[in-house]
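Novice: Let me give you the structure first, and then I'll get to my questions.
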Amino acid sequence: MKKQMKIKFLSLAALSMLPFISVAQSQNFVVEGKLNQNYNGRFLKLLYNEGQIKKIDSTEIKKGAFKFVGTLAMPTAAKISLGNEDNGDRIDIFLANGTLKVIAKDSIRFAKITGTKMAEEHEVMAKRLRPIDKWFVDGLTTFKNMPEGAEKKAYINKLMEGFDAYALNKRIAINKFATEYPASYISLYYLDKNSPGVLLNYEATYPYFAKLSSEVKATPLGKQLEERLIVAKGALTGSQFKDFVSTTPDGKPLSLKEVIASNKYTLVDFWASWCGPCRKENPNVVKTFNAFKEKGFTVLSVSLDEDGEKWKAAIAKDGMPWYHVSSLKGWKEPAATLYNIRAIPQNVLVDANGKIVATNLRAETLYDKVQSLLK
């Protein structure tokens, strides 16, 4: 009896692992659907990326029906469209092992998506992201269709002003989904997709990656993201700070050791007056400083400027009432060399014992990290 129960338990465990075992194998997908008969004779496109390669397939709609069949190396998001990737009647779907069904009485944009577990979970995620993405996609489409000139340039500048809020809302939606669906491959997929290449931030992504199930983390994509997170964390986190002495705006020497000794947490922020991304990030640092300066948080900004007047003017203009130093040697700034700074903005957060607790904190991630440490 015990042997039979053990076999039954192992069988159930194996069945529960099937979705993730299949992720490590080729994805044989089928997308079939029913559409309004008015679409008969038109061609529907299936668009998706496989690695760096953009794939486009098409099929004719006959008797109000269509079907796509294909094979993928890994599950991925896709679009089906009567136009192209940027316009036309379309909807985003998720391709994985099995059959996905698309049912639309009128517009494809409002189609009902059923079929594979991943496809249905993706639809939950997609319904949250579509209203957020619509603002940016519509804005880019308008920009592309505008004639060249000053008006077009002014439009894209205005659009970019709202990009930070757009990116934040999207990140919040993805993080919320990952918290609610830790066993879903879709959570992993969007955590990875929303942090491509150098944009991956350890402090912003790892807390949500850590919540994912061990099965999701064990997939090829899970292992890839974990490796990228380790690299993003950097060698400095967990190590002791390296002291340096540089010069304040009024010409006096100041050491990092002095600043650390009188505060619970010190953000060493590498920037420059000529660095656009740095200046854009400064308001986030100001917000965090003002919120926690009375609780033991401060900032030591190290500038990679060469022009002292421009450096001082930027400090005043951006309203940065904390410690500032610079040797006015540009990229040869000794403090930057000591911390192997090759791009700015960059920062390291140091505790009162001189231990580096985090690096490269940005936007709300900086605020949230300091808040969590000073609770």
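Residues in the structure tokens are numbered from 1 in each chain, the chains being A, B, ... in the order shown, and ligands are numbered from 1 in the order shown.
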Taking the DSSP assignment computed from this structure's backbone, write out as a short mmCIF file (atom, residue, chain, number, x, y, z; two decimals) with N, CA and C atoms, in the first residue's frame all residues of region 102-320 of chain A that belong to strand (DSSP E).
Specialist:
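Contents of states_17.cif, freshly written:
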data_model
loop_
_atom_site.label_atom_id
_atom_site.label_comp_id
_atom_site.auth_asym_id
_atom_site.auth_seq_id
_atom_site.Cartn_x
_atom_site.Cartn_y
_atom_site.Cartn_z
N VAL A 102 -8.59 32.02 -30.27
CA VAL A 102 -8.93 33.44 -30.35
C VAL A 102 -10.34 33.57 -30.93
N ILE A 103 -11.25 34.11 -30.15
CA ILE A 103 -12.63 34.26 -30.60
C ILE A 103 -13.00 35.74 -30.59
N LYS A 112 -11.59 37.15 -27.24
CA LYS A 112 -11.47 36.33 -26.05
C LYS A 112 -10.35 35.32 -26.30
N ILE A 113 -9.39 35.25 -25.36
CA ILE A 113 -8.24 34.37 -25.50
C ILE A 113 -8.36 33.22 -24.51
N THR A 114 -8.32 31.99 -25.00
CA THR A 114 -8.36 30.81 -24.14
C THR A 114 -7.37 29.78 -24.68
N VAL A 245 39.51 61.18 -0.48
CA VAL A 245 39.43 62.59 -0.10
C VAL A 245 39.37 63.41 -1.37
N SER A 246 38.40 64.33 -1.44
CA SER A 246 38.30 65.21 -2.60
C SER A 246 37.97 66.62 -2.10
N THR A 247 37.65 67.51 -3.01
CA THR A 247 37.51 68.93 -2.67
C THR A 247 36.07 69.42 -2.78
N PRO A 253 39.03 70.18 1.82
CA PRO A 253 39.08 68.72 1.65
C PRO A 253 37.98 68.04 2.46
N LEU A 254 37.42 66.98 1.91
CA LEU A 254 36.38 66.21 2.61
C LEU A 254 36.56 64.74 2.25
N SER A 255 36.55 63.89 3.27
CA SER A 255 36.70 62.45 3.02
C SER A 255 35.36 61.74 3.13
N TYR A 265 23.20 56.06 6.82
CA TYR A 265 23.38 55.61 5.44
C TYR A 265 23.84 56.78 4.58
N THR A 266 24.82 56.53 3.75
CA THR A 266 25.36 57.56 2.86
C THR A 266 25.32 57.07 1.42
N LEU A 267 24.68 57.86 0.57
CA LEU A 267 24.67 57.55 -0.85
C LEU A 267 25.82 58.28 -1.52
N VAL A 268 26.75 57.54 -2.09
CA VAL A 268 27.86 58.14 -2.84
C VAL A 268 27.41 58.17 -4.29
N ASP A 269 27.11 59.37 -4.78
CA ASP A 269 26.47 59.54 -6.08
C ASP A 269 27.43 60.16 -7.08
N PHE A 270 27.76 59.43 -8.14
CA PHE A 270 28.67 59.91 -9.17
C PHE A 270 27.85 60.54 -10.31
N TRP A 271 28.17 61.79 -10.64
CA TRP A 271 27.37 62.53 -11.62
C TRP A 271 28.23 63.61 -12.26
N PHE A 297 20.00 59.69 6.86
CA PHE A 297 20.41 59.47 5.47
C PHE A 297 21.01 60.75 4.89
N THR A 298 22.11 60.60 4.17
CA THR A 298 22.68 61.77 3.49
C THR A 298 23.28 61.34 2.14
N VAL A 299 23.77 62.31 1.41
CA VAL A 299 24.33 62.07 0.07
C VAL A 299 25.69 62.77 -0.03
N LEU A 300 26.64 62.10 -0.61
CA LEU A 300 27.91 62.71 -1.00
C LEU A 300 28.01 62.59 -2.51
N SER A 301 27.82 63.69 -3.22
CA SER A 301 27.87 63.68 -4.67
C SER A 301 29.30 63.93 -5.15
N VAL A 302 29.76 63.08 -6.04
CA VAL A 302 31.10 63.21 -6.61
C VAL A 302 30.94 63.58 -8.08
N SER A 303 31.39 64.78 -8.43
CA SER A 303 31.19 65.26 -9.80
C SER A 303 32.38 64.95 -10.70
#
Novice: Residues near Val286 (chain A), anyone? I mean within 8 Å using only C-alpha atoms, not counting same-chain ones fewer than 3 positions away, as a ChimeraX atom specification.
Specialist: /A:282-283,289-290,319-320
Novice: Write to file, as a PDB file, in the first residue's frame, the residues of the selection just made, with C-alpha atoms.
Specialist:
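Contents of out.pdb, as written:
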ATOM      1  CA  ASN A 282      18.665  64.434  -9.429  1.00  0.00           C
ATOM      2  CA  PRO A 283      15.026  65.192  -8.444  1.00  0.00           C
ATOM      3  CA  PHE A 289      17.185  63.126   0.797  1.00  0.00           C
ATOM      4  CA  ASN A 290      14.383  65.396   1.986  1.00  0.00           C
ATOM      5  CA  GLY A 319      18.618  72.165  -5.416  1.00  0.00           C
ATOM      6  CA  MET A 320      21.042  69.611  -3.974  1.00  0.00           C
TER       7      MET A 320
END
Novice: Can you tell me which residues surround Ala352 (chain A) at a distance of at most 10 Å, considering only C-alpha atoms, apart from same-chain residues fewer than 5 positions away, and format the answer as a PyMOL selection string?
Specialist: chain A and resi 257+259-266+296-297
Novice: Write out as a PDB file with C-alpha atoms, in the first residue's frame which residues come within 9 Å of region 131-137 of chain A when counting only C-alpha atoms, dropping same-chain ones fewer than 3 positions away.
Specialist:
ATOM      1  CA  ASP A  86       2.257  49.205 -34.946  1.00  0.00           C
ATOM      2  CA  LYS A 127      -5.357  43.436 -19.667  1.00  0.00           C
ATOM      3  CA  ARG A 128      -3.402  45.375 -17.050  1.00  0.00           C
ATOM      4  CA  LEU A 140       4.867  57.081 -31.013  1.00  0.00           C
ATOM      5  CA  THR A 141       2.458  56.393 -33.877  1.00  0.00           C
ATOM      6  CA  THR A 142       1.448  60.062 -33.925  1.00  0.00           C
ATOM      7  CA  LEU A 159       6.036  62.669 -25.003  1.00  0.00           C
ATOM      8  CA  GLY A 162       5.765  61.528 -19.492  1.00  0.00           C
ATOM      9  CA  PHE A 163       7.977  58.495 -20.082  1.00  0.00           C
ATOM     10  CA  TYR A 166       4.698  55.501 -17.959  1.00  0.00           C
ATOM     11  CA  ALA A 167       7.688  53.269 -17.088  1.00  0.00           C
ATOM     12  CA  ASN A 169       3.185  52.444 -13.933  1.00  0.00           C
ATOM     13  CA  LYS A 170       4.254  49.548 -16.125  1.00  0.00           C
TER      14      LYS A 170
END
Novice: So which residues of region 50-178 of chain A fall under helix (DSSP H, G or I) by DSSP, listed as a PyMOL selection string?
Specialist: chain A and resi 108-110+117-145+150-161+163-178
Novice: Export, as an mmCIF file, in the first residue's frame, the selected residues with C-alpha atoms.
Specialist:
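Result saved to part-v9.cif:
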data_model
loop_
_atom_site.group_PDB
_atom_site.id
_atom_site.type_symbol
_atom_site.label_atom_id
_atom_site.label_comp_id
_atom_site.auth_asym_id
_atom_site.auth_seq_id
_atom_site.Cartn_x
_atom_site.Cartn_y
_atom_site.Cartn_z
ATOM 1 C CA ILE A 108 -9.769 41.424 -32.919
ATOM 2 C CA ARG A 109 -8.664 43.905 -30.267
ATOM 3 C CA PHE A 110 -11.510 42.678 -28.039
ATOM 4 C CA LYS A 117 -2.449 27.987 -19.096
ATOM 5 C CA MET A 118 0.291 30.433 -20.082
ATOM 6 C CA ALA A 119 -1.937 32.083 -22.660
ATOM 7 C CA GLU A 120 -4.733 32.602 -20.152
ATOM 8 C CA GLU A 121 -2.380 33.952 -17.464
ATOM 9 C CA HIS A 122 -0.827 36.231 -20.073
ATOM 10 C CA GLU A 123 -4.255 37.610 -20.856
ATOM 11 C CA VAL A 124 -4.620 38.635 -17.187
ATOM 12 C CA MET A 125 -1.281 40.445 -17.409
ATOM 13 C CA ALA A 126 -2.065 41.926 -20.829
ATOM 14 C CA LYS A 127 -5.357 43.436 -19.667
ATOM 15 C CA ARG A 128 -3.402 45.375 -17.050
ATOM 16 C CA LEU A 129 -0.678 46.512 -19.435
ATOM 17 C CA ARG A 130 -2.764 47.451 -22.492
ATOM 18 C CA PRO A 131 -4.189 50.696 -21.054
ATOM 19 C CA ILE A 132 -0.690 51.700 -19.873
ATOM 20 C CA ASP A 133 1.023 50.853 -23.165
ATOM 21 C CA LYS A 134 -1.703 52.478 -25.265
ATOM 22 C CA TRP A 135 -0.587 55.979 -24.230
ATOM 23 C CA PHE A 136 2.992 55.413 -25.348
ATOM 24 C CA VAL A 137 2.216 53.391 -28.493
ATOM 25 C CA ASP A 138 -0.367 55.952 -29.665
ATOM 26 C CA GLY A 139 2.123 58.729 -28.972
ATOM 27 C CA LEU A 140 4.867 57.081 -31.013
ATOM 28 C CA THR A 141 2.458 56.393 -33.877
ATOM 29 C CA THR A 142 1.448 60.062 -33.925
ATOM 30 C CA PHE A 143 5.120 61.065 -33.901
ATOM 31 C CA LYS A 144 5.987 58.779 -36.816
ATOM 32 C CA ASN A 145 3.154 60.188 -38.921
ATOM 33 C CA ALA A 150 9.914 71.983 -35.118
ATOM 34 C CA GLU A 151 6.419 70.764 -34.257
ATOM 35 C CA LYS A 152 7.506 67.128 -34.496
ATOM 36 C CA LYS A 153 10.554 67.786 -32.320
ATOM 37 C CA ALA A 154 8.423 69.563 -29.712
ATOM 38 C CA TYR A 155 5.943 66.677 -29.711
ATOM 39 C CA ILE A 156 8.536 63.982 -28.989
ATOM 40 C CA ASN A 157 10.043 66.117 -26.220
ATOM 41 C CA LYS A 158 6.628 66.412 -24.592
ATOM 42 C CA LEU A 159 6.036 62.669 -25.003
ATOM 43 C CA MET A 160 9.351 61.889 -23.335
ATOM 44 C CA GLU A 161 8.413 64.080 -20.364
ATOM 45 C CA PHE A 163 7.977 58.495 -20.082
ATOM 46 C CA ASP A 164 9.149 58.146 -16.478
ATOM 47 C CA ALA A 165 5.563 57.981 -15.205
ATOM 48 C CA TYR A 166 4.698 55.501 -17.959
ATOM 49 C CA ALA A 167 7.688 53.269 -17.088
ATOM 50 C CA LEU A 168 6.836 53.424 -13.385
ATOM 51 C CA ASN A 169 3.185 52.444 -13.933
ATOM 52 C CA LYS A 170 4.254 49.548 -16.125
ATOM 53 C CA ARG A 171 6.815 48.348 -13.572
ATOM 54 C CA ILE A 172 4.225 48.525 -10.777
ATOM 55 C CA ALA A 173 1.766 46.435 -12.819
ATOM 56 C CA ILE A 174 4.397 43.790 -13.602
ATOM 57 C CA ASN A 175 5.628 43.613 -10.004
ATOM 58 C CA LYS A 176 2.067 43.286 -8.710
ATOM 59 C CA PHE A 177 1.378 40.431 -11.132
ATOM 60 C CA ALA A 178 4.620 38.656 -10.120
#
Novice: Could you make a table, as CSV, of the residues of region 255-348 of chain A that have an atom within 12 Å of an atom of region 195-214 of chain A, each with its nearest atom pair and distance in Å to one decimal, counting only C-alpha atoms, in chain and number order?
Specialist:
residue,atom,partner,partner_atom,distance
A:Ala343,CA,A:Val198,CA,11.1
A:Gln346,CA,A:Asn201,CA,11.4
A:Val348,CA,A:Glu203,CA,11.8
Novice: Print the selection's residues with C-alpha atoms to a file, as a CSV table (one decimal), in the first residue's frame.
Specialist:
chain,number,residue,atom,x,y,z
A,343,ALA,CA,29.4,55.5,-16.8
A,346,GLN,CA,26.0,55.5,-10.7
A,348,VAL,CA,26.7,53.1,-4.0
Novice: Report, in Å with one decimal, the straight-line distance from CA of Ser26 (chain A) to CA of Leu72 (chain A).
Specialist: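 Computing the Euclidean distance for CA of Ser26 (chain A) and CA of Leu72 (chain A) yields 5.7 Å.
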